[in-house]
$ cat query04.tsv   # TSV, C-alpha atoms and all ligand atoms
chain	number	residue	atom	x	y	z
S	191	MET	CA	18.96	59.11	-6.78
S	192	ILE	CA	20.83	56.95	-9.25
S	193	SER	CA	22.67	58.25	-12.30
S	194	LYS	CA	20.96	58.46	-15.67
S	195	LYS	CA	23.51	55.99	-17.05
S	196	MET	CA	22.82	53.48	-14.27
S	197	ALA	CA	19.04	53.86	-14.68
S	198	GLU	CA	19.40	53.21	-18.42
S	199	ALA	CA	21.38	50.05	-17.73
S	200	VAL	CA	18.75	48.83	-15.24
S	201	ASN	CA	16.03	49.60	-17.80
S	202	ALA	CA	17.89	47.42	-20.31
S	203	GLN	CA	18.03	44.65	-17.70
S	204	ILE	CA	14.26	44.90	-17.17
S	205	ASN	CA	13.86	44.13	-20.86
S	206	LYS	CA	16.21	41.12	-20.56
S	207	GLU	CA	14.22	39.76	-17.62
S	208	PHE	CA	10.95	40.14	-19.54
S	209	TYR	CA	12.59	38.43	-22.51
S	210	SER	CA	13.67	35.61	-20.17
S	211	ALA	CA	10.04	35.15	-19.09
S	212	TYR	CA	8.97	35.14	-22.73
S	213	LEU	CA	11.67	32.62	-23.68
S	214	TYR	CA	10.77	30.25	-20.84
S	215	LEU	CA	7.08	30.50	-21.65
S	216	SER	CA	7.94	29.56	-25.23
S	217	MET	CA	9.95	26.60	-23.91
S	218	SER	CA	6.96	25.64	-21.77
S	219	ALA	CA	4.70	25.67	-24.84
S	220	TRP	CA	7.20	23.57	-26.80
S	221	SER	CA	7.47	21.07	-23.93
S	222	ALA	CA	3.70	20.75	-23.66
S	223	GLY	CA	3.62	20.03	-27.39
S	224	GLN	CA	6.08	17.16	-26.81
S	225	ASN	CA	3.87	15.74	-24.06
S	226	LEU	CA	6.50	16.62	-21.49
S	227	LYS	CA	4.13	18.00	-18.88
S	228	GLY	CA	6.77	18.17	-16.14
S	229	PHE	CA	9.11	20.16	-18.39
S	230	ALA	CA	6.20	22.45	-19.33
S	231	GLY	CA	5.36	23.10	-15.68
S	232	TRP	CA	9.00	23.73	-14.79
S	233	PHE	CA	9.40	26.31	-17.57
S	234	ALA	CA	6.09	27.98	-16.69
S	235	ALA	CA	7.30	28.36	-13.09
S	236	GLN	CA	10.62	29.73	-14.37
S	237	ALA	CA	8.79	32.25	-16.58
S	238	LYS	CA	6.87	33.46	-13.55
S	239	GLU	CA	10.11	33.90	-11.60
S	240	GLU	CA	11.57	35.96	-14.42
S	241	LEU	CA	8.55	38.27	-14.35
S	242	GLY	CA	9.28	38.69	-10.65
S	243	HIS	CA	12.87	39.67	-11.48
S	244	ALA	CA	11.70	42.25	-14.02
S	245	LEU	CA	9.29	43.74	-11.48
S	246	LYS	CA	11.98	43.84	-8.79
S	247	PHE	CA	14.11	46.07	-11.01
S	248	TYR	CA	11.03	48.07	-12.04
S	249	LYS	CA	10.14	48.74	-8.41
S	250	TYR	CA	13.74	49.74	-7.72
S	251	LEU	CA	13.74	52.38	-10.47
S	252	GLU	CA	10.36	53.58	-9.23
S	253	ASP	CA	11.67	53.90	-5.65
S	254	GLN	CA	14.66	55.83	-6.97
S	255	GLY	CA	12.44	58.22	-8.90
S	256	ALA	CA	14.24	57.18	-12.09
S	257	LYS	CA	12.74	57.12	-15.55
S	258	ILE	CA	11.20	53.77	-16.50
S	259	ARG	CA	11.42	52.97	-20.18
S	260	LEU	CA	9.89	49.69	-21.35
S	261	ALA	CA	11.34	48.59	-24.68
S	262	ALA	CA	9.97	46.04	-27.17
S	263	ILE	CA	10.50	42.40	-26.25
S	264	ASP	CA	12.10	40.21	-28.94
S	265	ALA	CA	10.26	37.09	-30.11
S	266	PRO	CA	11.78	34.00	-28.50
S	267	THR	CA	12.77	30.75	-30.26
S	268	ALA	CA	9.75	28.48	-30.59
S	269	THR	CA	11.29	25.12	-31.52
S	270	PHE	CA	14.02	23.03	-29.97
S	271	ALA	CA	15.77	19.92	-31.23
S	272	SER	CA	15.33	17.79	-28.11
S	273	PRO	CA	14.68	17.87	-24.36
S	274	LEU	CA	18.45	18.17	-23.86
S	275	ALA	CA	18.64	21.02	-26.40
S	276	VAL	CA	15.94	23.01	-24.60
S	277	PHE	CA	17.87	22.85	-21.32
S	278	GLU	CA	21.20	23.57	-23.03
S	279	ALA	CA	19.56	26.69	-24.47
S	280	THR	CA	18.36	27.55	-20.95
S	281	LEU	CA	21.87	27.26	-19.54
S	282	LYS	CA	23.29	29.38	-22.34
S	283	HIS	CA	20.67	32.04	-21.65
S	284	GLU	CA	21.32	32.00	-17.91
S	285	ASN	CA	25.07	32.41	-18.58
S	286	PHE	CA	24.23	35.45	-20.70
S	287	ILE	CA	22.05	36.90	-17.92
S	288	THR	CA	24.77	36.29	-15.33
S	289	GLU	CA	27.26	38.19	-17.48
S	290	SER	CA	24.75	41.02	-17.85
S	291	ILE	CA	24.16	41.22	-14.06
S	292	HIS	CA	27.94	41.23	-13.46
S	293	LYS	CA	28.37	44.10	-15.91
S	294	LEU	CA	25.69	46.07	-14.05
S	295	MET	CA	27.51	45.38	-10.80
S	296	ASP	CA	30.81	46.57	-12.32
S	297	GLN	CA	29.10	49.80	-13.34
S	298	ALA	CA	27.52	50.28	-9.89
S	299	VAL	CA	30.91	49.72	-8.23
S	300	GLU	CA	32.58	52.14	-10.63
S	301	GLU	CA	29.93	54.79	-9.86
S	302	LYS	CA	30.16	54.08	-6.10
S	303	ASP	CA	26.41	53.49	-6.26
S	304	HIS	CA	25.88	51.53	-3.04
S	305	ALA	CA	22.10	51.22	-3.28
S	306	THR	CA	22.23	49.61	-6.72
S	307	GLN	CA	25.01	47.29	-5.59
S	308	ILE	CA	22.81	46.00	-2.78
S	309	VAL	CA	19.90	45.32	-5.15
S	310	LEU	CA	22.26	43.58	-7.56
S	311	GLN	CA	23.75	41.38	-4.83
S	312	TRP	CA	20.46	39.47	-4.65
S	313	PHE	CA	20.65	38.86	-8.41
S	314	VAL	CA	24.28	37.72	-8.29
S	315	THR	CA	23.31	35.05	-5.73
S	316	GLU	CA	20.18	34.11	-7.67
S	317	GLN	CA	22.20	33.54	-10.85
S	318	VAL	CA	24.60	31.18	-9.05
S	319	GLU	CA	21.57	29.17	-7.91
S	320	GLU	CA	19.89	29.18	-11.33
S	321	GLU	CA	23.04	28.12	-13.17
S	322	ALA	CA	23.61	25.28	-10.68
S	323	THR	CA	20.01	24.03	-11.01
S	324	VAL	CA	20.04	24.12	-14.81
S	325	THR	CA	23.52	22.56	-15.05
S	326	ALA	CA	22.32	19.64	-12.91
S	327	ILE	CA	19.34	19.08	-15.24
S	328	VAL	CA	21.56	19.27	-18.36
S	329	GLU	CA	23.95	16.70	-16.87
S	330	LYS	CA	21.07	14.38	-16.00
S	331	LEU	CA	19.66	14.62	-19.52
S	332	LYS	CA	23.10	13.90	-21.00
S	333	LEU	CA	23.38	10.85	-18.78
S	334	ILE	CA	20.07	9.33	-19.83
S	335	GLY	CA	20.69	9.94	-23.54
S	336	ASP	CA	17.88	8.44	-25.61
S	337	ALA	CA	16.46	6.20	-22.87
S	338	PRO	CA	12.67	6.91	-22.72
S	339	HIS	CA	12.47	5.63	-19.15
S	340	GLY	CA	15.05	8.16	-18.04
S	341	LEU	CA	13.19	10.99	-19.75
S	342	PHE	CA	9.97	9.90	-18.07
S	343	MET	CA	11.71	10.05	-14.68
S	344	VAL	CA	13.20	13.52	-15.31
S	345	ASP	CA	9.80	14.78	-16.48
S	346	ARG	CA	8.25	13.52	-13.26
S	347	GLU	CA	11.01	15.14	-11.22
S	348	LEU	CA	10.54	18.49	-13.00
S	349	ALA	CA	6.79	18.28	-12.38
S	350	ALA	CA	7.51	18.53	-8.65
S	351	ARG	CA	8.40	22.20	-9.04
S	352	GLN	CA	5.47	24.37	-8.06
S	353	ALA	CA	4.76	27.62	-9.86
S	354	GLY	CA	5.27	30.01	-6.96
S	401	LIG	FE1	16.32	36.49	-14.10
S	401	LIG	O1	17.21	34.97	-13.64
S	401	LIG	FE2	17.09	33.68	-14.93
S	401	LIG	O2	17.45	34.71	-16.34
$ encode --input "query04.tsv" --output "structure tokens" --more "lines below"
Ligand code: OFO
Amino acid sequence: MISKKMAEAVNAQINKEFYSAYLYLSMSAWSAGQNLKGFAGWFAAQAKEELGHALKFYKYLEDQGAKIRLAAIDAPTATFASPLAVFEATLKHENFITESIHKLMDQAVEEKDHATQIVLQWFVTEQVEEEATVTAIVEKLKLIGDAPHGLFMVDRELAARQAG
């Protein structure tokens, strides 16, 4: 059994993960509107992953017999200034999520809640991976600047990601 305080914090994280899915789906829609099909596919796959994260936490609360409380999901931003801007916004969001996961971990450590720490360990590792992936894309987009050829290449590269 986890504490009420810990369960509330995990519930709040479920909402953040659903918001992440919503945000990335919005980015996918924006990308499709720019004729960046690879970007659109990449963000759609990312949205799907975020739903998986939300459900992982959901299942954990369920297994713990804790109260599940689904809150309203905020509307995400719908427009972005450029392909670079959309990935800079992604990196900023992932940094925010990392901070949130670390705060949950701090709380679990403080409460000596070993089970929650183990669940969170997976997320700590996942965030390192996500930040590294997105940082690499941001750097690539900075490098190509306004060169249409470069953007075409990045779009093709992003298209290689399969929605899992
Ligand atoms: Fe849920 O990992 Fe990204 O935000």
$ residues_near_ligand --input "query04.tsv" --ligand "ligand LIG 401 (chain S)" --cutoff "8 Å" --atoms "all atoms listed in the file" --output "VMD selection string"
chain S and resid 206 to 207 210 to 211 236 239 to 241 243 to 244 283 to 284 287 to 288 313 316 to 317 320
$ closest_residue --input "query04.tsv" --among "S:Ala262, S:Leu215, S:Leu274, S:Ala305" --to "Met191 in chain S" --atoms "all atoms listed in the file"
S:Ala305
$ residues_around --input "query04.tsv" --residues "Arg259 in chain S" --least-positions-apart "5" --cutoff "12 Å" --atoms "only C-alpha atoms" --output "PDB file with C-alpha atoms, in the coordinates of the input"
ATOM      1  CA  LYS S 194      20.960  58.460 -15.670  1.00  0.00           C
ATOM      2  CA  ALA S 197      19.040  53.860 -14.680  1.00  0.00           C
ATOM      3  CA  GLU S 198      19.400  53.210 -18.420  1.00  0.00           C
ATOM      4  CA  ALA S 199      21.380  50.050 -17.730  1.00  0.00           C
ATOM      5  CA  VAL S 200      18.750  48.830 -15.240  1.00  0.00           C
ATOM      6  CA  ASN S 201      16.030  49.600 -17.800  1.00  0.00           C
ATOM      7  CA  ALA S 202      17.890  47.420 -20.310  1.00  0.00           C
ATOM      8  CA  GLN S 203      18.030  44.650 -17.700  1.00  0.00           C
ATOM      9  CA  ILE S 204      14.260  44.900 -17.170  1.00  0.00           C
ATOM     10  CA  ASN S 205      13.860  44.130 -20.860  1.00  0.00           C
ATOM     11  CA  PHE S 247      14.110  46.070 -11.010  1.00  0.00           C
ATOM     12  CA  TYR S 248      11.030  48.070 -12.040  1.00  0.00           C
ATOM     13  CA  LEU S 251      13.740  52.380 -10.470  1.00  0.00           C
ATOM     14  CA  GLU S 252      10.360  53.580  -9.230  1.00  0.00           C
TER      15      GLU S 252
END
$ residues_around --input "query04.tsv" --residues "Tyr214 in chain S" --least-positions-apart "4" --cutoff "9 Å" --atoms "all atoms listed in the file" --output "compact mmCIF listing (two decimals) with C-alpha atoms, keeping the file's coordinate frame"
# COMPACT_ATOMS: atom_id res chain seq x y z
CA TYR S 209 12.59 38.43 -22.51
CA SER S 210 13.67 35.61 -20.17
CA SER S 218 6.96 25.64 -21.77
CA ALA S 219 4.70 25.67 -24.84
CA PHE S 233 9.40 26.31 -17.57
CA ALA S 234 6.09 27.98 -16.69
CA ALA S 235 7.30 28.36 -13.09
CA GLN S 236 10.62 29.73 -14.37
CA ALA S 237 8.79 32.25 -16.58
CA LYS S 238 6.87 33.46 -13.55
CA GLU S 240 11.57 35.96 -14.42
CA PRO S 266 11.78 34.00 -28.50
CA THR S 280 18.36 27.55 -20.95
$ residues_around --input "query04.tsv" --residues "Val314 in chain S" --least-positions-apart "6" --cutoff "9 Å" --atoms "all atoms listed in the file" --output "PyMOL selection string"
chain S and resi 288+291-292+295
$ closest_residue --input "query04.tsv" --among "S:Val324, S:Ile308, S:Val318, S:Ala337" --to "Tyr250 in chain S" --atoms "all atoms listed in the file"
S:Ile308
$ closest_residue --input "query04.tsv" --among "S:Asp303, S:Asp296, S:Glu278, S:Glu289" --to "Lys330 in chain S" --atoms "all atoms listed in the file"
S:Glu278
$ atom_distance --input "query04.tsv" --atom1 "CA of Ala326 in chain S" --atom2 "CA of Lys293 in chain S"
25.4 Å
